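Shown here: coords_33.cif, mmCIF, C-alpha atoms and all ligand atoms.
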```cif
data_upload
#
loop_
_atom_site.label_atom_id
_atom_site.label_comp_id
_atom_site.auth_asym_id
_atom_site.auth_seq_id
_atom_site.Cartn_x
_atom_site.Cartn_y
_atom_site.Cartn_z
CA MET N 1 -16.72 2.57 5.08
CA GLU N 2 -13.24 2.83 6.55
CA ASP N 3 -12.50 5.87 4.44
CA ALA N 4 -15.65 7.62 5.66
CA LEU N 5 -14.76 6.91 9.29
CA VAL N 6 -11.22 8.22 8.79
CA LEU N 7 -12.49 11.39 7.09
CA ALA N 8 -15.03 11.96 9.85
CA ARG N 9 -12.17 12.38 12.32
CA THR N 10 -11.15 15.65 10.71
CA SER N 11 -14.25 16.80 8.81
CA SER N 12 -17.33 18.56 10.14
CA SER N 13 -19.53 16.33 7.99
CA VAL N 14 -19.08 13.45 5.54
CA THR N 15 -21.59 12.35 2.91
CA VAL N 16 -21.20 8.82 1.55
CA ILE N 17 -22.71 8.46 -1.91
CA HIS N 18 -23.65 4.85 -2.48
CA ARG N 19 -25.29 3.47 -5.59
CA ARG N 20 -27.22 0.66 -3.90
CA ASP N 21 -29.67 0.60 -0.99
CA LYS N 22 -27.39 -1.35 1.33
CA PHE N 23 -23.71 -1.86 2.11
CA ARG N 24 -21.72 -5.04 1.66
CA ALA N 25 -19.24 -4.20 4.45
CA SER N 26 -19.19 -6.11 7.73
CA ARG N 27 -22.09 -5.46 10.08
CA VAL N 28 -19.87 -3.86 12.71
CA LEU N 29 -18.39 -1.45 10.19
CA GLN N 30 -21.83 -0.61 8.83
CA GLN N 31 -23.09 0.18 12.32
CA ARG N 32 -20.14 2.43 13.02
CA VAL N 33 -20.83 4.39 9.86
CA LEU N 34 -24.62 4.51 10.16
CA GLN N 35 -24.51 5.56 13.81
CA HIS N 36 -21.79 8.18 13.32
CA SER N 37 -23.14 11.65 14.02
CA LYS N 38 -21.05 13.27 11.27
CA ILE N 39 -21.75 10.75 8.50
CA THR N 40 -24.78 10.86 6.20
CA VAL N 41 -25.44 8.24 3.53
CA ARG N 42 -27.07 9.09 0.18
CA TRP N 43 -28.46 5.72 -0.89
CA ASN N 44 -29.26 4.79 -4.50
CA SER N 45 -27.13 7.60 -5.80
CA GLN N 46 -24.42 7.78 -8.41
CA VAL N 47 -21.92 10.58 -8.97
CA LYS N 48 -22.49 12.28 -12.31
CA GLU N 49 -19.90 15.03 -12.03
CA PHE N 50 -17.91 17.25 -9.70
CA THR N 51 -18.30 20.98 -10.28
CA ALA N 52 -16.19 23.91 -9.09
CA ALA N 53 -16.94 26.25 -6.21
CA GLU N 54 -17.95 29.82 -6.96
CA THR N 55 -14.99 31.35 -5.12
CA ALA N 56 -11.42 31.05 -6.36
CA MET N 57 -8.53 30.10 -4.10
CA ASP N 58 -5.49 32.36 -3.54
CA ASP N 59 -3.70 30.91 -6.57
CA GLY N 60 -6.68 31.69 -8.82
CA SER N 61 -7.80 28.08 -9.26
CA TYR N 62 -11.23 26.84 -8.22
CA PRO N 63 -11.64 24.00 -5.73
CA VAL N 64 -14.41 21.42 -6.00
CA GLY N 65 -17.63 22.89 -4.64
CA HIS N 66 -20.45 20.54 -5.61
CA VAL N 67 -21.12 16.94 -6.47
CA VAL N 68 -23.94 16.30 -8.93
CA VAL N 69 -25.60 12.96 -8.19
CA THR N 70 -28.20 10.94 -10.06
CA ASP N 71 -30.80 8.93 -8.16
CA THR N 72 -30.47 5.38 -9.52
CA VAL N 73 -34.18 4.67 -8.91
CA SER N 74 -35.94 7.87 -10.05
CA GLY N 75 -33.23 9.20 -12.38
CA GLU N 76 -33.52 12.62 -10.71
CA GLU N 77 -30.42 14.79 -10.45
CA SER N 78 -29.42 16.85 -7.45
CA SER N 79 -26.37 18.75 -6.23
CA ILE N 80 -24.57 18.41 -2.90
CA ASP N 81 -22.30 21.23 -1.69
CA CYS N 82 -18.89 20.08 -0.50
CA ASP N 83 -15.39 21.34 0.30
CA ALA N 84 -13.61 18.20 -0.86
CA ALA N 85 -14.42 14.95 -2.65
CA PHE N 86 -12.74 11.57 -2.28
CA VAL N 87 -13.26 8.64 -4.62
CA ALA N 88 -13.23 5.23 -2.91
CA ILE N 89 -14.57 2.52 -5.16
CA GLY N 90 -13.20 -0.97 -4.74
CA HIS N 91 -9.49 -1.63 -4.29
CA SER N 92 -6.69 -1.14 -6.75
CA PRO N 93 -3.28 -2.34 -5.58
CA ASN N 94 -0.43 0.08 -6.22
CA THR N 95 1.55 -2.32 -8.40
CA ASP N 96 1.97 -0.40 -11.65
CA PHE N 97 5.68 0.04 -11.00
CA VAL N 98 6.24 -3.73 -11.33
CA LYS N 99 3.72 -4.34 -14.10
CA GLY N 100 5.18 -6.62 -16.72
CA ALA N 101 8.06 -7.57 -14.43
CA LEU N 102 6.21 -9.74 -11.90
CA GLU N 103 3.35 -12.17 -12.42
CA MET N 104 0.05 -10.75 -11.18
CA ASP N 105 -3.54 -11.95 -10.87
CA GLU N 106 -6.43 -10.52 -12.87
CA ASN N 107 -6.87 -7.70 -10.33
CA ASN N 108 -3.18 -6.71 -10.42
CA TYR N 109 -2.22 -8.21 -7.07
CA ILE N 110 1.30 -9.65 -7.14
CA LYS N 111 1.27 -13.45 -7.17
CA VAL N 112 3.35 -15.20 -4.52
CA THR N 113 4.06 -18.86 -3.91
CA PRO N 114 1.44 -19.83 -1.27
CA GLY N 115 2.80 -19.65 2.27
CA SER N 116 5.78 -17.54 1.27
CA SER N 117 6.67 -14.12 -0.13
CA HIS N 118 8.41 -15.47 -3.25
CA THR N 119 7.22 -13.81 -6.44
CA SER N 120 7.59 -15.07 -10.00
CA VAL N 121 11.08 -13.51 -10.13
CA GLU N 122 13.85 -15.04 -8.07
CA GLY N 123 15.18 -12.65 -5.44
CA VAL N 124 12.07 -10.44 -5.47
CA PHE N 125 9.70 -10.78 -2.51
CA ALA N 126 6.26 -9.25 -1.98
CA ALA N 127 4.62 -8.16 1.28
CA GLY N 128 1.55 -6.24 2.32
CA ASP N 129 -1.43 -4.98 0.39
CA VAL N 130 0.26 -5.41 -3.00
CA HIS N 131 -0.18 -9.18 -2.75
CA ASP N 132 -3.09 -9.59 -0.32
CA HIS N 133 -6.58 -9.13 -1.69
CA VAL N 134 -8.24 -10.82 1.29
CA TYR N 135 -7.15 -9.20 4.58
CA ARG N 136 -5.50 -5.87 3.66
CA GLN N 137 -4.82 -4.96 7.29
CA ALA N 138 -1.87 -3.24 8.93
CA ILE N 139 -1.09 -6.25 11.10
CA THR N 140 -1.20 -8.78 8.24
CA SER N 141 0.95 -6.46 6.13
CA ALA N 142 3.49 -6.18 8.91
CA GLY N 143 3.45 -9.97 9.33
CA SER N 144 4.04 -10.56 5.65
CA GLY N 145 6.82 -7.95 5.80
CA ALA N 146 8.57 -10.13 8.39
CA MET N 147 8.07 -13.17 6.11
CA ALA N 148 9.61 -11.26 3.19
CA ALA N 149 12.57 -10.20 5.32
CA LEU N 150 13.21 -13.83 6.33
CA ASP N 151 12.80 -15.07 2.76
CA ALA N 152 15.16 -12.35 1.54
CA GLU N 153 17.74 -13.28 4.15
CA ARG N 154 17.55 -16.96 3.21
CA TRP N 155 17.81 -16.12 -0.44
CA LEU N 156 20.84 -13.90 0.17
CA SER N 157 22.50 -16.66 2.20
CA GLU N 158 21.75 -19.33 -0.38
CA THR N 159 23.03 -17.19 -3.24
CA GLY N 160 26.19 -16.43 -1.30
CA PHE N 161 25.55 -12.75 -0.75
CA VAL N 162 25.69 -12.77 3.01
CA VAL N 163 29.13 -13.44 4.42
CA GLU N 164 28.62 -14.72 7.96
CA GLU N 165 30.74 -12.60 10.28
CA ASP N 166 31.42 -12.59 13.96
CA PRO N 167 28.91 -9.95 15.20
CA ALA N 168 31.49 -8.80 17.77
CA GLU N 169 33.84 -7.88 14.95
CA SER N 170 31.37 -6.17 12.70
CA SER N 171 27.82 -5.03 13.36
CA ALA N 172 27.55 -2.97 10.17
CA VAL N 173 26.23 -4.13 6.80
CA PRO N 174 29.34 -4.85 4.69
CA THR N 175 30.12 -1.69 2.73
CA ASP N 176 30.47 -3.51 -0.56
CA ILE N 177 26.90 -4.87 -0.21
CA ALA N 178 25.54 -1.59 1.16
CA GLY N 179 26.68 0.24 -1.95
CA GLY N 180 29.51 2.23 -0.36
CA GLN N 181 33.22 1.67 -0.74
CA ASN N 182 34.65 -1.83 -0.63
CA GLU N 183 37.75 -3.02 1.17
CA THR N 184 39.98 -1.81 -1.64
CA GLY N 185 38.50 1.65 -1.34
CA GLU N 186 36.72 1.46 -4.69
CA GLY N 187 33.13 2.56 -4.86
CA SER N 188 30.80 -0.30 -5.76
CA LYS N 189 27.42 1.46 -5.85
CA ASP N 190 26.82 0.97 -9.53
CA GLY N 191 28.64 -2.32 -9.77
CA SER N 192 27.33 -5.80 -10.19
CA GLU N 193 28.65 -8.92 -8.56
CA ASP N 194 27.91 -12.53 -9.53
CA GLY N 195 25.16 -11.42 -11.87
CA VAL N 196 23.10 -9.70 -9.14
CA ASP N 197 22.74 -5.93 -9.04
CA VAL N 198 24.38 -4.56 -5.92
CA ASP N 199 21.80 -1.78 -5.44
CA ASP N 200 18.98 -4.34 -5.45
CA ALA N 201 20.95 -6.51 -3.06
CA SER N 202 21.48 -3.65 -0.63
CA ALA N 203 17.71 -3.17 -0.28
CA ALA N 204 17.24 -6.87 0.33
CA ALA N 205 20.19 -6.88 2.73
CA ALA N 206 18.62 -4.10 4.77
CA ALA N 207 15.44 -6.17 5.07
CA ALA N 208 17.48 -9.22 5.93
CA ALA N 209 19.39 -7.37 8.63
CA SER N 210 16.17 -6.62 10.49
CA ALA N 211 15.29 -10.29 10.51
CA SER N 212 18.68 -11.65 11.48
CA PHE N 213 17.57 -12.19 15.08
CA ASP N 214 15.50 -15.09 13.87
CA LYS N 215 17.89 -16.84 11.53
CA ASP N 216 17.20 -20.32 12.81
CA LEU N 217 13.50 -20.40 12.16
C1 LIG U 1 -8.89 4.59 5.01
C2 LIG U 1 -8.19 3.36 5.48
C3 LIG U 1 -8.38 2.91 6.75
C4 LIG U 1 -7.74 1.75 7.19
N1 LIG U 1 -7.96 1.31 8.47
C5 LIG U 1 -7.29 0.24 8.91
C6 LIG U 1 -7.46 -0.21 10.25
O1 LIG U 1 -8.22 0.36 11.02
N2 LIG U 1 -6.77 -1.29 10.66
C7 LIG U 1 -5.91 -1.96 9.83
O2 LIG U 1 -5.27 -2.93 10.26
N3 LIG U 1 -5.74 -1.58 8.54
C8 LIG U 1 -6.40 -0.49 8.07
N4 LIG U 1 -6.23 -0.08 6.78
C9 LIG U 1 -5.37 -0.88 5.90
C10 LIG U 1 -3.89 -0.62 6.16
O3 LIG U 1 -3.65 0.76 6.10
C11 LIG U 1 -3.09 -1.33 5.08
O4 LIG U 1 -3.44 -2.70 5.06
C12 LIG U 1 -1.59 -1.23 5.33
O5 LIG U 1 -1.19 0.12 5.42
C13 LIG U 1 -0.84 -1.88 4.17
O6 LIG U 1 0.52 -1.78 4.43
P1 LIG U 1 1.54 -1.84 3.24
O7 LIG U 1 2.88 -1.71 3.84
O8 LIG U 1 1.27 -3.04 2.39
O9 LIG U 1 1.21 -0.59 2.29
P2 LIG U 1 1.27 0.96 2.61
O10 LIG U 1 1.01 1.24 4.06
O11 LIG U 1 0.36 1.58 1.60
O12 LIG U 1 2.78 1.34 2.33
C14 LIG U 1 3.31 1.33 1.03
C15 LIG U 1 4.45 2.33 0.99
O13 LIG U 1 5.13 2.21 -0.25
C16 LIG U 1 5.34 3.50 -0.79
N5 LIG U 1 5.44 3.35 -2.25
C17 LIG U 1 4.43 3.18 -3.14
N6 LIG U 1 4.93 3.08 -4.39
C18 LIG U 1 6.26 3.18 -4.28
C19 LIG U 1 7.33 3.15 -5.20
N7 LIG U 1 7.12 2.99 -6.51
N8 LIG U 1 8.59 3.29 -4.73
C20 LIG U 1 8.82 3.45 -3.40
N9 LIG U 1 7.85 3.49 -2.48
C21 LIG U 1 6.59 3.35 -2.90
C22 LIG U 1 4.15 4.31 -0.32
O14 LIG U 1 4.45 5.69 -0.34
C23 LIG U 1 3.96 3.78 1.10
O15 LIG U 1 4.77 4.45 2.02
C24 LIG U 1 -6.86 1.06 6.31
C25 LIG U 1 -6.65 1.54 5.03
C26 LIG U 1 -7.31 2.68 4.60
C27 LIG U 1 -7.05 3.20 3.20
#
```
Show this structure as structure tokens.
Amino acid sequence: MEDALVLARTSSSVTVIHRRDKFRASRVLQQRVLQHSKITVRWNSQVKEFTAAETAMDDGSYPVGHVVVTDTVSGEESSIDCDAAFVAIGHSPNTDFVKGALEMDENNYIKVTPGSSHTSVEGVFAAGDVHDHVYRQAITSAGSGAMAALDAERWLSETGFVVEEDPAESSAVPTDIAGGQNETGEGSKDGSEDGVDVDDASAAAAAAASASFDKDL
């Protein structure tokens, strides 16, 4: 539903192909889609295949030109002309890059300790859609980002990574944590201190810096 509404902002017409005869989305969202002048819904229809347009593009390749759909009730096939096709079925969190490293639920959402952003690995915090299969909204993602920043800051303090300094003396992230040169002038980007990778710590430190206004929470 949301995808169709977003596409309708820039497309002359949008056809939603839906395999059932009703939507499961919220009533408000359904109304917005069904009443939208640019959106048409093909009920009881399933995509069989996408086929190419007749005319090649400048680089010689052929864009999508048609969608072949099967009517789930009658079994009849028909073709819809189109200039682009977008697949939006269910939700798949973009968590492949941490697969095997962090504990996840059966739908590949990262598991966190309830009420926090702590993952199954100490020092790794999750925020946003990668861990939230319920709300998946910009505002809840931003909120959980703030939680992760605070958790990261606490973790850095507790593990001794953050050296409390007088803000008047230094407003910059310490260069040895930020991956630049340390006080002795030696580069520390690839180094490791106290068993924690400095590059990983610099990312967490950046998040922590943005939350430092609220240290006492
Ligand atoms: C069509 C559509 C309409 C929506 N409409 C609304 C709406 O009206 N209101 C609302 O509140 N929410 C809406 N949402 C949901 C909202 O966009 C998301 O909940 C929100 O963007 C999630 O924020 P996030 O930071 O978790 O993830 P994202 O915004 O997806 O940000 C993740 C970032 O991580 C980057 N990234 C991914 N993999 C890697 C990697 N391996 N290394 C480094 N970077 C990486 C990505 O490039 C991206 O910049 C909509 C979503 C869609 C798809």
Original post:
Do you know which residues are within 9 Å of ligand LIG 1 (chain U) using only C-alpha atoms and all ligand atoms? Can you write them as a PyMOL selection string?
Top reply: chain N and resi 1-7+88+93-98+127-132+135-142+144-145
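Relative to CA of Val41 in chain N, CA of Val14 in chain N is found at 8.5 Å.
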Subject >> Residue neighbourhood range 75-80 of chain N, 12 Å, all atoms listed in the file, exclusion window fewer than 3 positions, as a ChimeraX atom specification >> reply: /N:14-17,19,40,42,44-53,64-72,83-85
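The space between CA of Arg154 in chain N and CA of Lys99 in chain N spans 25.5 Å.
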Original post:
Which residues come within 8 Å of Lys22 in chain N, counting only C-alpha atoms, excluding same-chain residues fewer than 2 positions away, as a PyMOL selection string?
Top reply: chain N and resi 20+24+43
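Atom pair CA of Asp21 in chain N / CA of Val87 in chain N has a distance of 18.6 Å (rounded to one decimal).
The list of residues with at least one atom within 9 Å of Ser116 in chain N, based on all atoms listed in the file and without residues fewer than 5 positions apart in the same chain, reads Phe125, Ala126, Ser144, Met147, Ala148 and Asp151 of chain N.
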Any chance you can output those residues with C-alpha atoms as a short mmCIF file (atom, residue, chain, number, x, y, z; two decimals), keeping the file's coordinate frame?
```cif
data_model
loop_
_atom_site.label_atom_id
_atom_site.label_comp_id
_atom_site.auth_asym_id
_atom_site.auth_seq_id
_atom_site.Cartn_x
_atom_site.Cartn_y
_atom_site.Cartn_z
CA PHE N 125 9.70 -10.78 -2.51
CA ALA N 126 6.26 -9.25 -1.98
CA SER N 144 4.04 -10.56 5.65
CA MET N 147 8.07 -13.17 6.11
CA ALA N 148 9.61 -11.26 3.19
CA ASP N 151 12.80 -15.07 2.76
#
```
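Here the question is which of N:Val33, N:Ala149, N:Leu102, N:Val28 gets nearest to Thr119 in chain N using all atoms listed in the file, and that residue is N:Leu102.
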